[in-house]
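Here the structure is laid out as structure tokens; the discussion comes afterwards.
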Amino acid sequence: MSKISYHKFIFLGLFLFFSATAFAQRINAPQVDAQLFLGEGKKQALIVGLGGSEGGNAWTSDYWKATRDQFIKQGYAFLAIGYFKSKGAPDTLNKIEIDKVHAAITMAAQNPLIDRNKIAIVGGSRGADLALLIGSYFKDIKCVVGIVPSHAVFPGHTNHFSTAAWSFEGKELPFVPVNEESVPFLMKRDLRGAFEAMLKDTIAEQKALIKVEQINGPILLVSATKDEICPSGPMSEKMMARLKAKKFSFPYQHISIEGGHGEPLKHFDLIFDFLQKNFK
């Protein structure tokens with residue numbers, strides 16, 4: 001590519017990165033860092049990747065390149081999204097506008113190589129919560145995979161923990177607040193203990209529940225048996241019970257992985273299998 005052509009792409013806001021199997025372009029969406037990786041096929045189903053509380057755009061990193069490339073090799077397009085602490089996105093996980101994240105997905109799906117009727121979101125940790133929320137609000141999302149997810153909305157990562165992590169159309173979503181019992185756990189950095197203490201406020205929990213039954217497609221939840229960050233196993237089971245009670249019409253599954261919070265990230269074979277059977 002000539003220098004002149006390269007600068008033209010910069011001027012248009014279209015950034016291209018080439019590899020042997022895929023190329024990527026930056027999606028110019030407000031308050032979101034979004035990069036779309038495309039394979040060579042036509043009508044590629046779109047996988048949206050969301051990282052967790054580490055921030056940044058995790059799925060663009062070298063660490064996740066092999067897994068991302070595996071999606072591409074299986075015929076998917078892949079949209080990596082950074083929703084805070086990333087270029088153009090908010091600095092803090094606080095009142096993140098889920099409709100802005102969805103708008104970036106919609107923009108990416110306009111690419112002629114993408115099948116806009118086949119969009120799935122794969123999110124980890126806080127990104128799993130975001131994936132479930134977006135799926136529950138927007139019908140164009142046809143599959144959700146939540147890795148070590150929460151079943152409800154929790155506070156944003158501010159010093160005072162007095163606001164929600166997520167918002168919609170400019171309004172904070174109801175969330176489970178930090179209560180007096182959870183403070184000692186937070187002070188000693190026992191995050192799981194803090195979550196469990198907060199969830200004793202069952203009234204707030206009920207108001208903050210993610211309406212997973214509104215998701216317009218299959219759901220896979222992958223939790224950790226010894227999760228030191230949050231009770232992902234029990235929270236996933238609560239979502240399974242809710243789906244059963246609501247007579248959810250799509251396939252749904254909870255897989256519990258032996259180990260800590262990060263262990264399920266080593267088992268993407270289970271995710272590929274679920275997508276192959278229930279989405280692709």
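Labels for the structure tokens follow display order: chains A, B, ..., residues from 1 in each chain, ligands from 1.
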
field: Within 9 Å of A:Trp166 using only C-alpha atoms, minus same-chain residues under 4 positions, as a VMD selection string
entry: chain A and resid 93 to 98 130 133 153 to 156 171 to 175

Serialized selection, N, CA and C atoms, as a tab-separated table (two decimals), in the first residue's frame:
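For reference, part29.tsv as written:
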chain	number	residue	atom	x	y	z
A	93	LEU	N	-15.11	2.06	34.53
A	93	LEU	CA	-16.30	1.22	34.41
A	93	LEU	C	-17.37	1.80	35.32
A	94	ASN	N	-18.10	2.74	34.77
A	94	ASN	CA	-19.10	3.45	35.55
A	94	ASN	C	-20.17	4.01	34.61
A	95	LYS	N	-21.42	3.59	34.83
A	95	LYS	CA	-22.55	4.04	34.02
A	95	LYS	C	-22.28	3.91	32.51
A	96	ILE	N	-21.63	2.81	32.14
A	96	ILE	CA	-21.35	2.56	30.72
A	96	ILE	C	-22.69	2.43	29.98
A	97	GLU	N	-22.83	3.14	28.88
A	97	GLU	CA	-24.08	3.16	28.13
A	97	GLU	C	-24.17	1.94	27.22
A	98	ILE	N	-25.00	1.01	27.60
A	98	ILE	CA	-25.07	-0.24	26.84
A	98	ILE	C	-25.61	0.00	25.43
A	130	LEU	N	-22.32	-7.38	30.64
A	130	LEU	CA	-22.67	-6.48	29.54
A	130	LEU	C	-23.28	-7.25	28.37
A	133	LEU	N	-26.82	-8.17	29.29
A	133	LEU	CA	-27.67	-6.98	29.27
A	133	LEU	C	-28.02	-6.56	27.84
A	153	VAL	N	-27.14	-6.49	38.08
A	153	VAL	CA	-26.28	-5.32	37.89
A	153	VAL	C	-25.66	-4.94	39.23
A	154	PHE	N	-24.36	-4.61	39.21
A	154	PHE	CA	-23.63	-4.23	40.41
A	154	PHE	C	-23.03	-2.82	40.24
A	155	PRO	N	-22.43	-2.27	41.29
A	155	PRO	CA	-21.92	-0.90	41.19
A	155	PRO	C	-20.76	-0.75	40.21
A	156	GLY	N	-20.60	0.48	39.74
A	156	GLY	CA	-19.44	0.80	38.92
A	156	GLY	C	-18.18	0.86	39.76
A	171	LYS	N	-29.93	6.69	31.58
A	171	LYS	CA	-30.38	6.43	32.94
A	171	LYS	C	-29.66	5.22	33.51
A	172	GLU	N	-29.20	5.35	34.75
A	172	GLU	CA	-28.56	4.23	35.42
A	172	GLU	C	-29.54	3.07	35.56
A	173	LEU	N	-29.01	1.86	35.40
A	173	LEU	CA	-29.83	0.69	35.66
A	173	LEU	C	-29.87	0.42	37.16
A	174	PRO	N	-30.97	-0.13	37.67
A	174	PRO	CA	-31.01	-0.51	39.09
A	174	PRO	C	-29.87	-1.47	39.40
A	175	PHE	N	-29.24	-1.31	40.58
A	175	PHE	CA	-28.10	-2.15	40.90
A	175	PHE	C	-28.11	-2.54	42.37

Taking only residues of stretch 63-103 of chain A that have an atom at most 10 Å from an atom of stretch 257-279 of chain A, what is each one's shortest atom pair and its distance in Å to one decimal, using only C-alpha atoms, in chain and number order, as a tab-separated table?
residue	atom	partner	partner_atom	distance
A:Thr67	CA	A:Phe268	CA	7.9
A:Gln70	CA	A:Phe272	CA	9.3
A:Phe71	CA	A:Phe272	CA	8.3
A:Gln74	CA	A:Phe272	CA	9.1

Please produce a file of the residues just selected, as a PDB file, in the first residue's frame, where the atoms kept are N, CA, C and O atoms.
ATOM      1  N   THR A  67      -7.000 -17.227  19.775  1.00  0.00           N
ATOM      2  CA  THR A  67      -8.421 -17.562  19.906  1.00  0.00           C
ATOM      3  C   THR A  67      -9.248 -16.771  18.904  1.00  0.00           C
ATOM      4  O   THR A  67     -10.169 -17.306  18.270  1.00  0.00           O
ATOM      5  N   GLN A  70      -8.948 -18.243  15.631  1.00  0.00           N
ATOM      6  CA  GLN A  70      -9.688 -19.492  15.532  1.00  0.00           C
ATOM      7  C   GLN A  70     -11.141 -19.213  15.144  1.00  0.00           C
ATOM      8  O   GLN A  70     -11.736 -19.961  14.355  1.00  0.00           O
ATOM      9  N   PHE A  71     -11.699 -18.143  15.680  1.00  0.00           N
ATOM     10  CA  PHE A  71     -13.050 -17.743  15.258  1.00  0.00           C
ATOM     11  C   PHE A  71     -13.063 -17.452  13.759  1.00  0.00           C
ATOM     12  O   PHE A  71     -13.962 -17.892  13.027  1.00  0.00           O
ATOM     13  N   GLN A  74     -13.002 -20.445  11.566  1.00  0.00           N
ATOM     14  CA  GLN A  74     -14.263 -21.183  11.567  1.00  0.00           C
ATOM     15  C   GLN A  74     -15.365 -20.447  10.804  1.00  0.00           C
ATOM     16  O   GLN A  74     -16.513 -20.887  10.797  1.00  0.00           O
TER      17      GLN A  74
END

task: Tell me which protein, DNA and RNA residues are within 9 Å of A:Pro231, counting only C-alpha atoms, leaving out same-chain ones fewer than 5 positions away, and put them as a PyMOL selection string.
output: chain A and resi 148-150+192-193+195-196+223-226+236

task: Tell me which of A:Lys188, A:Ala34, A:Ala208, A:Ala80 sits closest to A:Lys65, counting only C-alpha atoms.
output: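 Among the listed residues, A:Ala80 lies closest to A:Lys65.
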
- request: May I ask which of the residues A:Asn179, A:Asn159, A:Ser61, A:Ser256 is the closest one to A:Met235, counting only C-alpha atoms?
  value: A:Ser256

query: Among stretch 2-239 of chain A, which residues carry a DSSP assignment of strand (DSSP E), reported as a PyMOL selection string?
result: chain A and resi 16-18+23-27+33-38+44-50+77-82+96-97+114-124+143-147+166-168+171-172+219-224

query: Which polymer residues have any atom within 9 Å of an atom of A:Lys211, counting only C-alpha atoms, with same-chain residues fewer than 6 positions away left out, as a list of chain:residue names?
result: A:Leu132, A:Leu133, A:Ser136, A:Tyr137, A:His151, A:Ala152, A:Met239, A:Arg242

Could you write those residues out with C-alpha atoms, as a PDB file, in the first residue's frame?
ATOM      1  CA  LEU A 132     -26.305 -10.506  28.867  1.00  0.00           C
ATOM      2  CA  LEU A 133     -27.671  -6.984  29.273  1.00  0.00           C
ATOM      3  CA  SER A 136     -31.808  -8.698  26.931  1.00  0.00           C
ATOM      4  CA  TYR A 137     -32.401  -5.219  25.466  1.00  0.00           C
ATOM      5  CA  HIS A 151     -27.074 -12.413  37.210  1.00  0.00           C
ATOM      6  CA  ALA A 152     -27.679  -8.822  38.297  1.00  0.00           C
ATOM      7  CA  MET A 239     -30.175 -17.510  35.705  1.00  0.00           C
ATOM      8  CA  ARG A 242     -35.097 -18.059  35.841  1.00  0.00           C
TER       9      ARG A 242
END

- prompt: In Å to one decimal, how far is atom CA of A:Ile114 from atom CA of A:Lys139?
  reply: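 That distance, rounded to one decimal, is 17.1 Å.
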
task: Rank A:Val144, A:Leu191, A:Leu199, A:Cys230 by their smallest atom-to-atom distance to A:Glu213, using only C-alpha atoms, and report the top residue only.
output: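 Counting only C-alpha atoms, the residue closest to A:Glu213 is A:Val144.
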
- prompt: Smallest atom-to-atom distance to A:Leu36: which of A:Tyr63, A:Ile121, A:Glu54, A:Met107, using only C-alpha atoms?
  reply: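 Closest candidate: A:Met107.
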